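Step one of this worksheet: look at the structure below.
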Amino acid sequence: MQATAIILAGGKSSRMGRNKALLEIGGRTVIEMIANELQDLTSHIMIVTNSPEEYHFLHLPIVEDEWKGMGPLAGIHAGLSHSKTEKNLIVACDMPFISAEVGRILLEGLEDGFQVVIPDMEGQLHPLYAAYHKNILPWITQSMNRQQLSIHRFLENMPVKIMKEGDFMSSHYILKDTDFFNMNNRHAFLHALNIYKGSEGISFPESNGS
């Protein structure tokens with residue numbers, strides 16, 4: 001597919017205490033797992049990070065935020081600015097079990113005239129595993145210039161397609177809980193390790209943010 005996958009690796013990982021993208025699951029870093037899965041979707045993959053030296057081992061194009069320290073909308077801006085394709089898949093660096101097939105369905109949704117296609121899992125939107133058309137870049141630039149950094153607020157003014165479970169089923173894909181699993185803290189990382197090992201019924205106490 002003629003599209004670019006943009007992995008956002010600019011977060012501070014304050015709740016995890018370590019760089020989430022470089023945590024290892026099954027002998028591979030999380031960001032390697034993501035990049036390997038996305039290779040089934042497109043050969044155009046880039047990393048957005050303000051610590052480029054940490055990701056040279058991936059041998060992928062790396063770009064930095066123009067607006068540093070201003071959150072994920074700045075990362076989306078950087079990725080779209082350097083993308084050479086109209087269709088783009090934004091992916092957070094803490095989602096080790098993403099599905100390339102989900103990404104394909106999201107990108108195909110842009111063909112219906114929408115500027116952004118976002119999955120909705122049980123009422124929760126996932127703007128950091130979503131498809132974005134490059135032509136929204138001027139509007140993101142405008143938001144950044146105005147210091148309006150909320151992705152959700154930005155999307156309120158965009159033609160957005162919300163993809164619910166039934167929409168994925170119509171595309172012959174059954175969503176899995178792991179498709180949008182993200183690791184915000186050490187408990188979630190432990191859960192990810194157990195998912196990888198094939199464990200079932202594992203639950204962890206609520207995190208206190210550490």
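Residues in the structure tokens are named by chain (A, B, ... in the order shown) and by number from 1 within that chain; ligands are numbered from 1 in the order shown.
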Could you build a table of the residues in region 150-175 of chain A lying no more than 10 Å from region 109-120 of chain A, giving for each the nearest pair of atoms and their separation in Å rounded to one decimal place, using only C-alpha atoms, ordered by chain and ascending residue number, as a tab-separated table?
residue	atom	partner	partner_atom	distance
A:Leu155	CA	A:Val116	CA	8.1
A:Met158	CA	A:Gln115	CA	6.7
A:Pro159	CA	A:Phe114	CA	5.3
A:Val160	CA	A:Val116	CA	4.8
A:Lys161	CA	A:Val117	CA	4.7
A:Ile162	CA	A:Ile118	CA	5.1
A:Met163	CA	A:Pro119	CA	4.5
A:Lys164	CA	A:Asp120	CA	5.0
A:Glu165	CA	A:Asp120	CA	7.4
A:Asp167	CA	A:Pro119	CA	9.4
A:Phe168	CA	A:Pro119	CA	9.1
Give the helix (DSSP H, G or I) residues of region 13-193 of chain A, as DSSP finds them on the backbone, and put them as a tab-separated table (two decimals) with N, CA and C atoms, in the first residue's frame.
chain	number	residue	atom	x	y	z
A	20	LYS	N	9.66	3.36	27.09
A	20	LYS	CA	8.75	2.27	26.77
A	20	LYS	C	9.12	1.59	25.46
A	21	ALA	N	9.54	2.38	24.50
A	21	ALA	CA	9.83	1.83	23.17
A	21	ALA	C	10.97	0.83	23.19
A	22	LEU	N	11.87	0.96	24.17
A	22	LEU	CA	13.07	0.12	24.21
A	22	LEU	C	12.97	-1.02	25.21
A	30	VAL	N	10.11	-3.22	22.01
A	30	VAL	CA	8.73	-2.97	21.60
A	30	VAL	C	8.69	-2.26	20.25
A	31	ILE	N	9.57	-1.30	20.05
A	31	ILE	CA	9.54	-0.56	18.79
A	31	ILE	C	9.95	-1.46	17.61
A	32	GLU	N	10.81	-2.43	17.86
A	32	GLU	CA	11.12	-3.40	16.81
A	32	GLU	C	9.90	-4.24	16.46
A	33	MET	N	9.15	-4.66	17.47
A	33	MET	CA	7.95	-5.44	17.23
A	33	MET	C	6.96	-4.66	16.37
A	34	ILE	N	6.82	-3.37	16.68
A	34	ILE	CA	5.90	-2.53	15.93
A	34	ILE	C	6.39	-2.38	14.49
A	35	ALA	N	7.65	-2.03	14.32
A	35	ALA	CA	8.20	-1.82	12.98
A	35	ALA	C	8.11	-3.09	12.14
A	36	ASN	N	8.40	-4.24	12.74
A	36	ASN	CA	8.33	-5.50	11.99
A	36	ASN	C	6.91	-5.78	11.52
A	37	GLU	N	5.92	-5.51	12.37
A	37	GLU	CA	4.54	-5.73	11.97
A	37	GLU	C	4.13	-4.77	10.84
A	38	LEU	N	4.59	-3.54	10.92
A	38	LEU	CA	4.21	-2.55	9.91
A	38	LEU	C	4.85	-2.83	8.56
A	52	PRO	N	17.24	10.79	18.65
A	52	PRO	CA	17.50	9.94	17.47
A	52	PRO	C	18.59	8.91	17.69
A	53	GLU	N	19.56	9.22	18.55
A	53	GLU	CA	20.67	8.29	18.77
A	53	GLU	C	20.19	6.96	19.35
A	54	GLU	N	19.04	6.95	20.00
A	54	GLU	CA	18.54	5.72	20.61
A	54	GLU	C	17.93	4.76	19.60
A	55	TYR	N	17.68	5.25	18.38
A	55	TYR	CA	16.93	4.44	17.43
A	55	TYR	C	17.68	4.16	16.13
A	56	HIS	N	18.96	4.49	16.08
A	56	HIS	CA	19.73	4.23	14.86
A	56	HIS	C	19.78	2.74	14.54
A	57	PHE	N	19.67	1.89	15.58
A	57	PHE	CA	19.77	0.44	15.36
A	57	PHE	C	18.65	-0.10	14.48
A	58	LEU	N	17.55	0.67	14.33
A	58	LEU	CA	16.43	0.23	13.51
A	58	LEU	C	16.69	0.40	12.02
A	72	PRO	N	2.02	14.77	21.61
A	72	PRO	CA	1.88	13.93	20.42
A	72	PRO	C	1.41	14.66	19.17
A	73	LEU	N	0.66	15.75	19.33
A	73	LEU	CA	0.25	16.49	18.13
A	73	LEU	C	1.47	17.04	17.40
A	74	ALA	N	2.51	17.43	18.16
A	74	ALA	CA	3.76	17.88	17.55
A	74	ALA	C	4.44	16.73	16.81
A	75	GLY	N	4.32	15.51	17.35
A	75	GLY	CA	4.89	14.35	16.68
A	75	GLY	C	4.17	14.04	15.38
A	76	ILE	N	2.85	14.16	15.40
A	76	ILE	CA	2.07	13.95	14.18
A	76	ILE	C	2.45	14.99	13.14
A	77	HIS	N	2.62	16.23	13.57
A	77	HIS	CA	3.05	17.30	12.67
A	77	HIS	C	4.39	16.96	12.02
A	78	ALA	N	5.34	16.51	12.83
A	78	ALA	CA	6.67	16.19	12.30
A	78	ALA	C	6.59	15.06	11.28
A	79	GLY	N	5.83	14.01	11.61
A	79	GLY	CA	5.72	12.88	10.71
A	79	GLY	C	5.07	13.25	9.39
A	80	LEU	N	3.95	13.97	9.45
A	80	LEU	CA	3.27	14.36	8.22
A	80	LEU	C	4.11	15.33	7.40
A	81	SER	N	4.89	16.18	8.08
A	81	SER	CA	5.75	17.14	7.36
A	81	SER	C	6.77	16.42	6.49
A	82	HIS	N	7.27	15.27	6.95
A	82	HIS	CA	8.31	14.56	6.23
A	82	HIS	C	7.78	13.41	5.38
A	100	ALA	N	-1.14	-5.20	11.51
A	100	ALA	CA	-1.03	-4.53	10.22
A	100	ALA	C	-2.36	-4.52	9.50
A	101	GLU	N	-3.18	-5.54	9.72
A	101	GLU	CA	-4.49	-5.60	9.06
A	101	GLU	C	-5.39	-4.48	9.57
A	102	VAL	N	-5.35	-4.20	10.86
A	102	VAL	CA	-6.10	-3.06	11.39
A	102	VAL	C	-5.62	-1.77	10.73
A	103	GLY	N	-4.30	-1.63	10.61
A	103	GLY	CA	-3.75	-0.44	9.95
A	103	GLY	C	-4.23	-0.32	8.52
A	104	ARG	N	-4.29	-1.42	7.80
A	104	ARG	CA	-4.74	-1.39	6.41
A	104	ARG	C	-6.19	-0.90	6.33
A	105	ILE	N	-7.04	-1.41	7.21
A	105	ILE	CA	-8.45	-1.02	7.19
A	105	ILE	C	-8.59	0.47	7.51
A	106	LEU	N	-7.81	0.95	8.48
A	106	LEU	CA	-7.86	2.37	8.82
A	106	LEU	C	-7.44	3.24	7.64
A	107	LEU	N	-6.35	2.86	6.98
A	107	LEU	CA	-5.87	3.64	5.84
A	107	LEU	C	-6.87	3.63	4.69
A	108	GLU	N	-7.51	2.51	4.47
A	108	GLU	CA	-8.51	2.43	3.40
A	108	GLU	C	-9.69	3.34	3.68
A	109	GLY	N	-9.95	3.61	4.97
A	109	GLY	CA	-11.04	4.51	5.33
A	109	GLY	C	-10.83	5.93	4.83
A	110	LEU	N	-9.57	6.31	4.60
A	110	LEU	CA	-9.29	7.65	4.07
A	110	LEU	C	-9.80	7.82	2.65
A	111	GLU	N	-10.06	6.72	1.96
A	111	GLU	CA	-10.54	6.79	0.58
A	111	GLU	C	-11.97	7.27	0.49
A	112	ASP	N	-12.67	7.33	1.63
A	112	ASP	CA	-14.06	7.77	1.65
A	112	ASP	C	-14.21	9.27	1.82
A	134	LYS	N	-2.35	13.51	4.70
A	134	LYS	CA	-1.31	14.53	4.77
A	134	LYS	C	-1.86	15.96	4.62
A	135	ASN	N	-3.00	16.09	3.95
A	135	ASN	CA	-3.48	17.45	3.70
A	135	ASN	C	-4.07	18.14	4.94
A	136	ILE	N	-4.08	17.46	6.09
A	136	ILE	CA	-4.49	18.16	7.32
A	136	ILE	C	-3.32	18.90	7.96
A	137	LEU	N	-2.13	18.76	7.38
A	137	LEU	CA	-0.94	19.37	7.97
A	137	LEU	C	-1.08	20.87	8.23
A	138	PRO	N	-1.63	21.67	7.30
A	138	PRO	CA	-1.77	23.10	7.60
A	138	PRO	C	-2.62	23.39	8.83
A	139	TRP	N	-3.62	22.57	9.08
A	139	TRP	CA	-4.47	22.79	10.25
A	139	TRP	C	-3.74	22.41	11.53
A	140	ILE	N	-2.91	21.36	11.46
A	140	ILE	CA	-2.11	21.02	12.63
A	140	ILE	C	-1.10	22.14	12.92
A	141	THR	N	-0.48	22.67	11.86
A	141	THR	CA	0.46	23.77	12.03
A	141	THR	C	-0.23	24.96	12.70
A	142	GLN	N	-1.44	25.23	12.27
A	142	GLN	CA	-2.20	26.34	12.86
A	142	GLN	C	-2.46	26.09	14.34
A	143	SER	N	-2.82	24.86	14.69
A	143	SER	CA	-3.06	24.53	16.10
A	143	SER	C	-1.79	24.68	16.93
A	144	MET	N	-0.66	24.23	16.36
A	144	MET	CA	0.60	24.34	17.09
A	144	MET	C	0.97	25.81	17.31
A	145	ASN	N	0.78	26.62	16.29
A	145	ASN	CA	1.09	28.05	16.42
A	145	ASN	C	0.24	28.72	17.49
A	151	ILE	N	-5.09	16.72	20.97
A	151	ILE	CA	-5.48	15.99	19.76
A	151	ILE	C	-7.00	15.91	19.65
A	152	HIS	N	-7.66	15.60	20.75
A	152	HIS	CA	-9.11	15.45	20.71
A	152	HIS	C	-9.78	16.77	20.33
A	153	ARG	N	-9.29	17.88	20.85
A	153	ARG	CA	-9.86	19.18	20.49
A	153	ARG	C	-9.62	19.48	19.01
A	154	PHE	N	-8.44	19.16	18.53
A	154	PHE	CA	-8.14	19.37	17.12
A	154	PHE	C	-9.08	18.56	16.23
A	155	LEU	N	-9.33	17.32	16.60
A	155	LEU	CA	-10.13	16.44	15.76
A	155	LEU	C	-11.60	16.83	15.72
A	165	GLU	N	-16.28	-1.60	16.26
A	165	GLU	CA	-16.03	-3.03	16.06
A	165	GLU	C	-16.78	-3.58	14.86
A	166	GLY	N	-18.05	-3.16	14.70
A	166	GLY	CA	-18.85	-3.63	13.58
A	166	GLY	C	-18.28	-3.23	12.23
A	167	ASP	N	-17.64	-2.06	12.18
A	167	ASP	CA	-17.04	-1.60	10.93
A	167	ASP	C	-15.87	-2.50	10.55
A	168	PHE	N	-15.10	-2.93	11.53
A	168	PHE	CA	-13.99	-3.84	11.25
A	168	PHE	C	-14.53	-5.20	10.81
A	169	MET	N	-15.61	-5.64	11.42
A	169	MET	CA	-16.21	-6.92	11.03
A	169	MET	C	-16.69	-6.85	9.58
A	170	SER	N	-17.20	-5.69	9.17
A	170	SER	CA	-17.62	-5.53	7.78
A	170	SER	C	-16.45	-5.64	6.82
A	177	ASP	N	-8.54	-7.89	21.78
A	177	ASP	CA	-8.23	-6.95	22.86
A	177	ASP	C	-6.80	-6.42	22.75
A	178	THR	N	-5.92	-7.25	22.24
A	178	THR	CA	-4.51	-6.85	22.17
A	178	THR	C	-4.22	-5.86	21.05
A	179	ASP	N	-5.14	-5.69	20.11
A	179	ASP	CA	-4.87	-4.81	18.96
A	179	ASP	C	-4.56	-3.38	19.39
A	180	PHE	N	-5.15	-2.94	20.49
A	180	PHE	CA	-4.95	-1.57	20.95
A	180	PHE	C	-4.36	-1.52	22.36
A	186	ARG	N	4.42	0.09	34.64
A	186	ARG	CA	5.12	-1.19	34.80
A	186	ARG	C	4.16	-2.37	34.89
A	187	HIS	N	2.95	-2.14	35.43
A	187	HIS	CA	1.98	-3.22	35.50
A	187	HIS	C	1.52	-3.63	34.10
A	188	ALA	N	1.33	-2.64	33.25
A	188	ALA	CA	0.94	-2.94	31.87
A	188	ALA	C	2.06	-3.68	31.14
A	189	PHE	N	3.30	-3.33	31.45
A	189	PHE	CA	4.43	-4.04	30.83
A	189	PHE	C	4.45	-5.50	31.27
A	190	LEU	N	4.24	-5.74	32.55
A	190	LEU	CA	4.18	-7.12	33.03
A	190	LEU	C	3.03	-7.87	32.36
A	191	HIS	N	1.94	-7.19	32.18
A	191	HIS	CA	0.80	-7.80	31.48
A	191	HIS	C	1.19	-8.14	30.04
A	192	ALA	N	1.92	-7.24	29.40
A	192	ALA	CA	2.37	-7.49	28.02
A	192	ALA	C	3.26	-8.73	27.96
A	193	LEU	N	4.13	-8.89	28.93
A	193	LEU	CA	4.99	-10.07	28.96
A	193	LEU	C	4.17	-11.34	29.05
Gly69 (chain A) environment, 12 Å, only C-alpha atoms, sequence neighbours closer than 6 positions dropped, as a PyMOL selection string = chain A and resi 10-12+49-51+75+144+147+149
Export of prior selection with N, CA and C atoms as a compact mmCIF listing (two decimals), in the first residue's frame:
# COMPACT_ATOMS: atom_id res chain seq x y z
N GLY A 10 8.39 9.90 21.04
CA GLY A 10 8.88 11.12 21.68
C GLY A 10 8.42 11.32 23.10
N GLY A 11 7.64 10.35 23.64
CA GLY A 11 7.12 10.53 24.99
C GLY A 11 8.20 10.42 26.06
N LYS A 12 7.89 10.94 27.24
CA LYS A 12 8.86 10.93 28.34
C LYS A 12 8.83 9.65 29.16
N THR A 49 11.21 11.15 16.86
CA THR A 49 11.79 11.15 18.20
C THR A 49 12.72 12.34 18.35
N ASN A 50 12.87 12.79 19.57
CA ASN A 50 13.85 13.83 19.86
C ASN A 50 15.11 13.25 20.48
N SER A 51 15.21 11.91 20.47
CA SER A 51 16.41 11.20 20.91
C SER A 51 16.85 10.26 19.79
N GLY A 75 4.32 15.51 17.35
CA GLY A 75 4.89 14.35 16.68
C GLY A 75 4.17 14.04 15.38
N MET A 144 -0.66 24.23 16.36
CA MET A 144 0.60 24.34 17.09
C MET A 144 0.97 25.81 17.31
N GLN A 147 -0.76 27.18 20.15
CA GLN A 147 -0.54 26.43 21.39
C GLN A 147 -1.76 25.61 21.79
N LEU A 149 -2.84 22.19 21.84
CA LEU A 149 -2.09 20.94 21.72
C LEU A 149 -2.93 19.68 21.91
Enumerate the residues of region 109-180 of chain A with a DSSP assignment of strand (DSSP E or B), computed from the backbone, and present them as number ranges by chain.
-> A: 116-121, 124-125, 129-133, 160-163
